[in-house]
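See below for the structure under consideration.
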Amino acid sequence: MARCPVCGRPLDWRDVVEQLIARVGKEEGKRILTDKESFMKALDGAVIRCPACGEEFYGRVLPRDEAEKVFVLLNDFKGSVNWDEMKVRLRLNSLLALDTMLEEWDRRQKSGSGKV
Ligand SMILES: [Zn+2]
C-alpha cells in the first residue's frame, strides 16, 4: 500500500493521480495516461503533498508495482478521468486491494492443487 514517507499514513491513489494531472495540466495529463513510460516518469518527478500531514515528497518514493497497476486501471476503464473537472472517477485503492486479493487467491489455488 502506498504510504506517506513522512507520517506513514496510507495515501489515496485517486488523490495522488489528481495531484499529478493538476501539476502537469490537462493536455499533458491526457498524453501521459496513454503512455506508461511517460506516466511513470511524470510520477517519479512529481511533487505530491500528503493530505494528512501536509508534507511534500516525490512520487518516485511510491511503490512502483502499484503505480503500474494504477496506470493499467486508468486505461482499462473508459472515462476513468473526468477531464473537465480533472477528477479521477475510479476508486483506485479499492481496485488495487481487489487485485492483490485475487493474486493471493490465485497463488493459493495453485499451491494447493500442486500444479504450477
Ligand atoms: Zn503525511
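By order of appearance in the C-alpha cells: chains A, B, ..., then residues from 1 within every chain, and ligands from 1 in the order shown.
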
Task: Test item: residues lying within 9 Å of ligand 1 with only C-alpha atoms and all ligand atoms, as JSON, numbers by chain - done: {"A": [3, 4, 5, 6, 7, 8, 9, 10, 11, 49, 50, 51, 52, 53, 54, 55, 56]}

Could you turn the residues from that selection into a file that holds N, CA and C atoms, as a compact mmCIF listing (two decimals), in the first residue's frame?
```
# COMPACT_ATOMS: atom_id res chain seq x y z
N ARG A 3 2.14 4.68 1.04
CA ARG A 3 2.07 5.45 2.29
C ARG A 3 2.89 6.71 2.18
N CYS A 4 2.49 7.70 2.96
CA CYS A 4 3.27 8.93 3.04
C CYS A 4 4.61 8.61 3.70
N PRO A 5 5.73 8.99 3.06
CA PRO A 5 7.04 8.68 3.63
C PRO A 5 7.34 9.50 4.91
N VAL A 6 6.54 10.52 5.16
CA VAL A 6 6.79 11.37 6.32
C VAL A 6 5.98 10.90 7.53
N CYS A 7 4.66 10.79 7.38
CA CYS A 7 3.83 10.42 8.54
C CYS A 7 3.39 8.95 8.50
N GLY A 8 3.57 8.28 7.36
CA GLY A 8 3.25 6.86 7.29
C GLY A 8 1.79 6.53 7.08
N ARG A 9 0.97 7.55 6.93
CA ARG A 9 -0.46 7.28 6.70
C ARG A 9 -0.68 6.78 5.27
N PRO A 10 -1.71 5.91 5.07
CA PRO A 10 -1.99 5.42 3.72
C PRO A 10 -2.41 6.57 2.80
N LEU A 11 -1.98 6.48 1.55
CA LEU A 11 -2.34 7.50 0.57
C LEU A 11 -3.41 6.97 -0.36
N ARG A 49 1.74 16.13 -2.35
CA ARG A 49 1.53 16.60 -0.98
C ARG A 49 0.62 15.63 -0.23
N CYS A 50 1.07 15.21 0.93
CA CYS A 50 0.25 14.31 1.76
C CYS A 50 -0.90 15.11 2.36
N PRO A 51 -2.15 14.64 2.12
CA PRO A 51 -3.30 15.40 2.64
C PRO A 51 -3.39 15.33 4.16
N ALA A 52 -2.75 14.32 4.76
CA ALA A 52 -2.84 14.16 6.21
C ALA A 52 -1.88 15.08 6.95
N CYS A 53 -0.60 15.08 6.56
CA CYS A 53 0.38 15.88 7.31
C CYS A 53 0.83 17.13 6.56
N GLY A 54 0.49 17.22 5.26
CA GLY A 54 0.83 18.41 4.50
C GLY A 54 2.26 18.46 3.99
N GLU A 55 3.03 17.41 4.29
CA GLU A 55 4.42 17.37 3.80
C GLU A 55 4.45 16.98 2.34
N GLU A 56 5.51 17.41 1.65
CA GLU A 56 5.64 17.08 0.24
C GLU A 56 6.78 16.09 0.02
```

Task: Option closest in space to Leu98 in chain A, from A:Lys69, A:Lys36, A:Arg60, A:Lys78 [counting only C-alpha atoms] - done: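 Smallest separation from Leu98 in chain A among the options: A:Lys69.
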
Open item on the list: Can you tell me, as a list of chain:residue names, which residues in range 36-74 of chain A count as alpha helix (DSSP H) by DSSP?
Closed with: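 Taking range 36-74 of chain A and keeping alpha helix (DSSP H) only, one gets A:Lys36, A:Glu37, A:Ser38, A:Phe39, A:Met40, A:Lys41, A:Ala42, A:Leu43, A:Asp44, A:Gly45, A:Arg64, A:Asp65, A:Glu66, A:Ala67, A:Glu68, A:Lys69, A:Val70, A:Phe71, A:Val72, A:Leu73, A:Leu74.
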
What lies within 10 Å of Val17 in chain A using only C-alpha atoms, ignoring chain neighbours under 6 positions off, as a short mmCIF file (atom, residue, chain, number, x, y, z; two decimals) with N, CA and C atoms, in the first residue's frame?
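Result went into result35.cif, see below:
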```cif
data_model
loop_
_atom_site.label_atom_id
_atom_site.label_comp_id
_atom_site.auth_asym_id
_atom_site.auth_seq_id
_atom_site.Cartn_x
_atom_site.Cartn_y
_atom_site.Cartn_z
N ARG A 23 -0.81 19.05 -11.76
CA ARG A 23 0.52 19.63 -11.88
C ARG A 23 0.99 19.72 -13.34
N GLY A 29 -1.53 15.74 -19.17
CA GLY A 29 -2.14 14.67 -18.38
C GLY A 29 -2.75 13.60 -19.27
N LEU A 43 5.30 10.74 -12.81
CA LEU A 43 5.03 10.46 -11.40
C LEU A 43 6.32 10.55 -10.57
N ILE A 48 4.31 15.44 -4.62
CA ILE A 48 2.99 15.08 -4.11
C ILE A 48 2.88 15.57 -2.66
N GLY A 59 7.02 11.59 -6.15
CA GLY A 59 6.24 10.41 -6.50
C GLY A 59 7.07 9.15 -6.63
N ALA A 67 1.95 1.76 -8.81
CA ALA A 67 1.84 2.83 -9.80
C ALA A 67 1.56 2.25 -11.19
N VAL A 70 -2.00 1.13 -11.31
CA VAL A 70 -2.86 2.32 -11.40
C VAL A 70 -2.94 2.77 -12.85
N PHE A 71 -1.80 2.77 -13.52
CA PHE A 71 -1.79 3.16 -14.93
C PHE A 71 -2.69 2.23 -15.76
N LEU A 74 -6.43 2.86 -14.98
CA LEU A 74 -6.91 4.10 -15.59
C LEU A 74 -7.15 3.92 -17.09
N VAL A 81 -11.13 9.17 -16.00
CA VAL A 81 -10.82 10.53 -15.54
C VAL A 81 -11.84 11.52 -16.12
N MET A 86 -10.93 17.51 -13.87
CA MET A 86 -9.62 16.95 -13.50
C MET A 86 -9.73 16.03 -12.29
N LYS A 87 -10.78 15.20 -12.30
CA LYS A 87 -11.01 14.28 -11.19
C LYS A 87 -10.96 12.84 -11.68
N VAL A 88 -10.45 11.96 -10.81
CA VAL A 88 -10.42 10.54 -11.13
C VAL A 88 -11.71 9.91 -10.63
N LEU A 92 -9.44 3.88 -6.93
CA LEU A 92 -8.23 3.13 -7.24
C LEU A 92 -7.76 2.23 -6.10
#
```

Among chain A, which ones does DSSP assign to strand (DSSP E or B) (computed from the backbone)? Answer as a PDB file with N, CA and C atoms, in the first residue's frame.
```pdb
ATOM      1  N   ARG A   3       2.145   4.683   1.035  1.00  0.00           N
ATOM      2  CA  ARG A   3       2.070   5.446   2.285  1.00  0.00           C
ATOM      3  C   ARG A   3       2.888   6.711   2.180  1.00  0.00           C
ATOM      4  N   PRO A  10      -1.709   5.907   5.075  1.00  0.00           N
ATOM      5  CA  PRO A  10      -1.989   5.420   3.724  1.00  0.00           C
ATOM      6  C   PRO A  10      -2.407   6.568   2.805  1.00  0.00           C
ATOM      7  N   VAL A  47       5.947  16.372  -7.446  1.00  0.00           N
ATOM      8  CA  VAL A  47       5.896  16.616  -6.004  1.00  0.00           C
ATOM      9  C   VAL A  47       4.464  16.375  -5.550  1.00  0.00           C
ATOM     10  N   ILE A  48       4.312  15.437  -4.619  1.00  0.00           N
ATOM     11  CA  ILE A  48       2.992  15.075  -4.110  1.00  0.00           C
ATOM     12  C   ILE A  48       2.882  15.570  -2.664  1.00  0.00           C
ATOM     13  N   ARG A  49       1.738  16.131  -2.349  1.00  0.00           N
ATOM     14  CA  ARG A  49       1.532  16.603  -0.976  1.00  0.00           C
ATOM     15  C   ARG A  49       0.623  15.629  -0.228  1.00  0.00           C
ATOM     16  N   GLU A  56       5.510  17.411   1.646  1.00  0.00           N
ATOM     17  CA  GLU A  56       5.640  17.082   0.238  1.00  0.00           C
ATOM     18  C   GLU A  56       6.777  16.087   0.015  1.00  0.00           C
ATOM     19  N   PHE A  57       6.604  15.266  -1.010  1.00  0.00           N
ATOM     20  CA  PHE A  57       7.625  14.276  -1.349  1.00  0.00           C
ATOM     21  C   PHE A  57       7.511  13.963  -2.832  1.00  0.00           C
ATOM     22  N   TYR A  58       8.521  13.299  -3.372  1.00  0.00           N
ATOM     23  CA  TYR A  58       8.482  12.944  -4.793  1.00  0.00           C
ATOM     24  C   TYR A  58       7.711  11.643  -5.017  1.00  0.00           C
ATOM     25  N   VAL A  81     -11.128   9.175 -16.003  1.00  0.00           N
ATOM     26  CA  VAL A  81     -10.823  10.532 -15.539  1.00  0.00           C
ATOM     27  C   VAL A  81     -11.840  11.515 -16.121  1.00  0.00           C
ATOM     28  N   ASN A  82     -12.395  12.336 -15.260  1.00  0.00           N
ATOM     29  CA  ASN A  82     -13.258  13.422 -15.706  1.00  0.00           C
ATOM     30  C   ASN A  82     -12.354  14.623 -15.993  1.00  0.00           C
ATOM     31  N   LYS A  87     -10.777  15.204 -12.301  1.00  0.00           N
ATOM     32  CA  LYS A  87     -11.012  14.277 -11.189  1.00  0.00           C
ATOM     33  C   LYS A  87     -10.957  12.842 -11.682  1.00  0.00           C
ATOM     34  N   VAL A  88     -10.447  11.963 -10.814  1.00  0.00           N
ATOM     35  CA  VAL A  88     -10.415  10.536 -11.131  1.00  0.00           C
ATOM     36  C   VAL A  88     -11.707   9.906 -10.632  1.00  0.00           C
TER      37      VAL A  88
END
```

Open item on the list: Please compute the CA of Lys26 in chain A-CA of Asn75 in chain A distance, one decimal, in Å.
Closed with: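 Between CA of Lys26 in chain A and CA of Asn75 in chain A the gap is 16.0 Å.
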